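What follows is a single structure, written as structure tokens, with notes after it.
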Amino acid sequence: MSNVWPASAARDSTGALSIGGVDVRDAAAQFGTPLFILDEQDVRARAREYRIAATQVGARQVYYAAKAFLATGIARWVHEEGLGIDVASGGELAVALRAGVPGSDLLLHGNNKSIHEIEEAIGAGVSRIVLDSFEEIVRVADVASRLGIVQPVLVRVTIGVEAHTHEFIATAHEDQKFGFSVSAGAAQEALRRIAMLPSIEFRGLHSHIGSQIFDALGFEEAAVRIVGFMSHMSKELGIEFAELDLGGGMGIAYLESDDPLAIGQLAAQIADAVARDCAAVGMPVPALAFEPGRAIIGPPGVTLYEVGTVKAVQTVDGLRTYVSVDGGMSDNIRPALYDAEYTVALASRTSEVEPMLVRVVGKHCESGDILIREAYLPADLAPGDLLVVAATGAYCRSMASNYNYLPRPAVIGVNAGHASVILRRETLNDVLALDPGA
Ligand SMILES: *Cc1c(COP(=O)(O)O)cnc(C)c1O
């Protein structure tokens, strides 16, 4: 049984939930609902844990994957704990720079970086640009040359391994938009072209194999294939591979039954596999880097909703109780997008009443606007009660929309009884300001 709640989550004597010493009823009253609450100490502890695990296996850097959720406050927390940041757009880059993170701790991703984004990144001195296409090799080389800089780069390769939770699929081919295919020869051609361009400096390969991965098996299969390719290329083209960035994808517990491997263990197993594979082909071991997103920011975050209606609906099997909350697919698209599962609890009080089976739904005009397909909540659940959904720190606010013209929720950080605004709630005026209204 895994704990799915932020490290500081606790019930006070009245039964109400508190996080970081802040009573969720007070948070709801002050900031409104839906509300994202992040346990600052938990975020920092997870970032530290990654930093320590990386140091123990001799890795060169851990880049926090900004796409999971970024704001200047978050960039500062993770950077203060020793992580760099992986940004995948000019917008994410701007937030990281605004937070004071130096370019030397940033890495730029993306499969279609604009010239402007490349200029901004190189101008900011980003430590690595991860190249993803032949067009981009030329674009990055041109911009670097124009700015009089030799830009360190990694090359993103796809190696036919796709990993999710306990499974990985290993194929001989690749059918996806990211990276250069090793099997099709594109990766080899990319290395050949990069070697001819003096304004970019090749440092090594990058591979990202999936998301919500619970064990090391997929990474180990990826390592065998990557090391095989590196060995082949170093013999054929005399290329040195100083670094290997293995991306993110480390899984978290959304449900109590989820049981991801601890990061220390995962990092050790991955590093051992890379070292073993390199020894087998007589190659020096490259310096590793990792890019966790979800594993840092997911579990410390929760979403607080207010119940609006409780409706019993007759189905062929009996009654189903629909509990509607004041947000939904605009603040958490993952259940609709990937059938993602979450844990929910009554947050504003406890109840001695028997639980009932419910479906928790949002307020959007879409029957697929389901947050939790099946959950047990107390049968006396009523409008005005607060519900809390666990592990929503990653890929919820960052993927939020204004569907149905709902302003996007606020994000607060909580620590030692104090709440601070990470992102304020969007107002209807913010949204209406986009419409010239003529
Ligand atoms: C999405 C992504 C990550 C982060 O993935 P998580 O599952 O959040 O750890 C890291 N690197 C790359 C290239 C990605 O696309």
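So you can find residues: chains in the structure tokens are A, B, ... in the order shown, residues in each start at 1, and ligands are numbered from 1 in order.
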
Any residue with an atom at most 7 Å from ligand 1 counts, using only C-alpha atoms and all ligand atoms. Which are they? Put them as a list of chain:residue names.
A:Ala65, A:Lys67, A:Ala68, A:His109, A:His208, A:Gly210, A:Ser211, A:Gln212, A:Gly247, A:Gly248, A:Gly249, A:Met250, A:Gly251, A:Glu291, A:Pro292, A:Gly293, A:Arg294, A:Ala295

Who sits within 9 Å of range 72-82 of chain A, only C-alpha atoms, same chain under 2 positions skipped, as an MDAnalysis selection string
chainID A and resid 40 43:45 47:48 51 61:62 64 66 69:70 84:85 95:101 105 296:297 413 421:423

Expected file contents, prior selection, N, CA, C and O atoms, as a compact mmCIF listing (two decimals), in the first residue's frame:
```txt
# COMPACT_ATOMS: atom_id res chain seq x y z
N GLU A 40 5.21 22.29 -0.11
CA GLU A 40 6.55 22.74 -0.51
C GLU A 40 7.65 21.81 -0.01
O GLU A 40 8.57 21.45 -0.75
N VAL A 43 7.84 18.70 -2.14
CA VAL A 43 8.48 18.95 -3.45
C VAL A 43 9.99 19.01 -3.27
O VAL A 43 10.76 18.36 -3.99
N ARG A 44 10.42 19.78 -2.26
CA ARG A 44 11.87 19.93 -2.03
C ARG A 44 12.51 18.59 -1.67
O ARG A 44 13.60 18.27 -2.13
N ALA A 45 11.83 17.81 -0.83
CA ALA A 45 12.39 16.52 -0.40
C ALA A 45 12.56 15.59 -1.60
O ALA A 45 13.55 14.87 -1.71
N ALA A 47 12.92 16.51 -4.78
CA ALA A 47 14.01 17.03 -5.61
C ALA A 47 15.36 16.62 -5.01
O ALA A 47 16.27 16.17 -5.71
N ARG A 48 15.45 16.74 -3.69
CA ARG A 48 16.70 16.36 -2.99
C ARG A 48 17.01 14.89 -3.15
O ARG A 48 18.15 14.50 -3.38
N ARG A 51 18.47 14.37 -6.39
CA ARG A 51 19.82 14.91 -6.45
C ARG A 51 20.80 13.92 -5.78
O ARG A 51 21.86 13.62 -6.31
N GLN A 61 23.75 15.39 -13.92
CA GLN A 61 22.70 16.38 -13.65
C GLN A 61 21.34 15.72 -13.61
O GLN A 61 21.10 14.70 -14.26
N VAL A 62 20.45 16.32 -12.81
CA VAL A 62 19.03 15.98 -12.85
C VAL A 62 18.32 17.25 -13.29
O VAL A 62 18.47 18.29 -12.66
N TYR A 64 14.74 18.95 -13.81
CA TYR A 64 13.31 18.84 -13.55
C TYR A 64 12.55 19.14 -14.86
O TYR A 64 12.81 20.17 -15.50
N ALA A 66 9.99 20.65 -16.79
CA ALA A 66 9.08 21.78 -16.55
C ALA A 66 7.66 21.52 -17.01
O ALA A 66 6.71 22.05 -16.43
N PHE A 69 4.76 20.81 -14.47
CA PHE A 69 4.17 22.05 -13.94
C PHE A 69 5.29 23.03 -13.63
O PHE A 69 6.22 22.68 -12.89
N LEU A 70 5.19 24.22 -14.16
CA LEU A 70 6.22 25.22 -13.88
C LEU A 70 5.62 26.57 -13.53
O LEU A 70 4.63 26.99 -14.11
N GLY A 84 18.67 21.06 -12.19
CA GLY A 84 18.51 21.93 -13.35
C GLY A 84 17.08 21.81 -13.83
O GLY A 84 16.25 21.13 -13.21
N ILE A 85 16.75 22.48 -14.94
CA ILE A 85 15.38 22.43 -15.46
C ILE A 85 15.40 22.13 -16.95
O ILE A 85 16.17 22.74 -17.71
N VAL A 95 9.99 31.38 -18.06
CA VAL A 95 9.63 31.24 -16.63
C VAL A 95 10.87 30.86 -15.82
O VAL A 95 11.14 31.42 -14.76
N ALA A 96 11.65 29.90 -16.34
CA ALA A 96 12.86 29.46 -15.62
C ALA A 96 13.85 30.62 -15.46
O ALA A 96 14.42 30.83 -14.39
N LEU A 97 14.02 31.41 -16.54
CA LEU A 97 14.96 32.54 -16.48
C LEU A 97 14.44 33.60 -15.52
O LEU A 97 15.20 34.20 -14.76
N ARG A 98 13.13 33.82 -15.55
CA ARG A 98 12.52 34.81 -14.66
C ARG A 98 12.73 34.43 -13.20
O ARG A 98 12.84 35.29 -12.32
N ALA A 99 12.79 33.11 -12.95
CA ALA A 99 13.02 32.63 -11.58
C ALA A 99 14.49 32.78 -11.18
O ALA A 99 14.84 32.49 -10.04
N GLY A 100 15.33 33.17 -12.13
CA GLY A 100 16.74 33.35 -11.81
C GLY A 100 17.59 32.11 -12.01
O GLY A 100 18.75 32.06 -11.61
N VAL A 101 17.02 31.08 -12.66
CA VAL A 101 17.81 29.88 -12.94
C VAL A 101 18.76 30.22 -14.09
O VAL A 101 18.31 30.68 -15.15
N ASP A 105 22.13 25.83 -16.08
CA ASP A 105 21.36 24.76 -15.44
C ASP A 105 20.11 24.40 -16.23
O ASP A 105 19.20 23.75 -15.70
N ILE A 296 8.58 14.40 -9.18
CA ILE A 296 8.93 15.50 -8.26
C ILE A 296 7.67 16.25 -7.82
O ILE A 296 7.48 16.53 -6.65
N ILE A 297 6.82 16.59 -8.80
CA ILE A 297 5.75 17.56 -8.52
C ILE A 297 4.37 16.90 -8.40
O ILE A 297 3.43 17.53 -7.92
N GLY A 413 1.25 27.25 -2.57
CA GLY A 413 2.23 26.43 -1.87
C GLY A 413 1.95 26.53 -0.39
O GLY A 413 1.59 27.60 0.11
N VAL A 421 0.81 32.20 -2.72
CA VAL A 421 0.30 32.03 -4.08
C VAL A 421 1.46 31.68 -5.02
O VAL A 421 2.44 32.42 -5.09
N ILE A 422 1.32 30.56 -5.71
CA ILE A 422 2.29 30.16 -6.75
C ILE A 422 1.80 30.70 -8.10
O ILE A 422 2.56 31.24 -8.89
N LEU A 423 0.53 30.50 -8.36
CA LEU A 423 -0.15 31.11 -9.52
C LEU A 423 -1.50 31.58 -9.01
O LEU A 423 -2.24 30.79 -8.41
```

For Leu387 in chain A, which residue out of A:Leu432, A:Val325, A:Ala7, A:Leu406 is the nearest one, using only C-alpha atoms?
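Ranked by minimum distance to Leu387 in chain A, first place goes to A:Val325.
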
Hey, could you make a per-residue contact list for range 212-313 of chain A against range 11-32 of chain A with 10 Å as the cut-off, showing the nearest pair of atoms and its distance in Å to one decimal, counting only C-alpha atoms, sorted by chain and number, as CSV?
```
residue,atom,partner,partner_atom,distance
A:Pro300,CA,A:Ile19,CA,9.5
A:Gly301,CA,A:Ile19,CA,9.7
A:Val302,CA,A:Ile19,CA,9.4
A:Leu304,CA,A:Ala28,CA,7.6
A:Tyr305,CA,A:Ala28,CA,8.5
A:Glu306,CA,A:Ala28,CA,8.6
```

Include N, CA, C and O atoms and write out the residues we just selected as a compact mmCIF listing (two decimals), in the first residue's frame.
```txt
# COMPACT_ATOMS: atom_id res chain seq x y z
N PRO A 300 3.25 15.67 -4.32
CA PRO A 300 3.06 16.74 -3.33
C PRO A 300 1.85 17.62 -3.61
O PRO A 300 1.53 18.51 -2.82
N GLY A 301 1.15 17.39 -4.74
CA GLY A 301 0.03 18.27 -5.11
C GLY A 301 -1.31 17.58 -4.96
O GLY A 301 -1.43 16.38 -5.21
N VAL A 302 -2.31 18.34 -4.55
CA VAL A 302 -3.69 17.85 -4.52
C VAL A 302 -4.59 18.92 -5.14
O VAL A 302 -4.19 20.08 -5.26
N LEU A 304 -8.37 20.61 -4.61
CA LEU A 304 -9.51 20.75 -3.70
C LEU A 304 -10.71 21.23 -4.51
O LEU A 304 -10.59 22.21 -5.26
N TYR A 305 -11.83 20.53 -4.39
CA TYR A 305 -13.06 20.90 -5.10
C TYR A 305 -14.20 21.04 -4.10
O TYR A 305 -14.19 20.38 -3.06
N GLU A 306 -15.20 21.84 -4.47
CA GLU A 306 -16.43 21.89 -3.67
C GLU A 306 -17.50 21.09 -4.39
O GLU A 306 -17.67 21.20 -5.60
```

Quick one: pick out all strand (DSSP E or B) residues within range 194-391 of chain A from a backbone DSSP run and write them as number ranges by chain.
A: 200-206, 210-213, 243-245, 250, 287-290, 301-315, 318-325, 344-346, 355-361, 370-378, 386-390

DSSP-assigned alpha helix (DSSP H) among range 221-257 of chain A, expressed as a ChimeraX atom specification:
/A:221-237

A:Pro335, A:Gly160, A:Pro198, A:Gly103 ranked by distance to Glu120 in chain A, top pick (using only C-alpha atoms):
A:Gly103

For Ala312 in chain A, work out the shell of residues within 12 Å, counting only C-alpha atoms and skipping chain neighbours fewer than 6 positions away, then give it as a VMD selection string.
chain A and resid 318 to 324 356 to 359 379
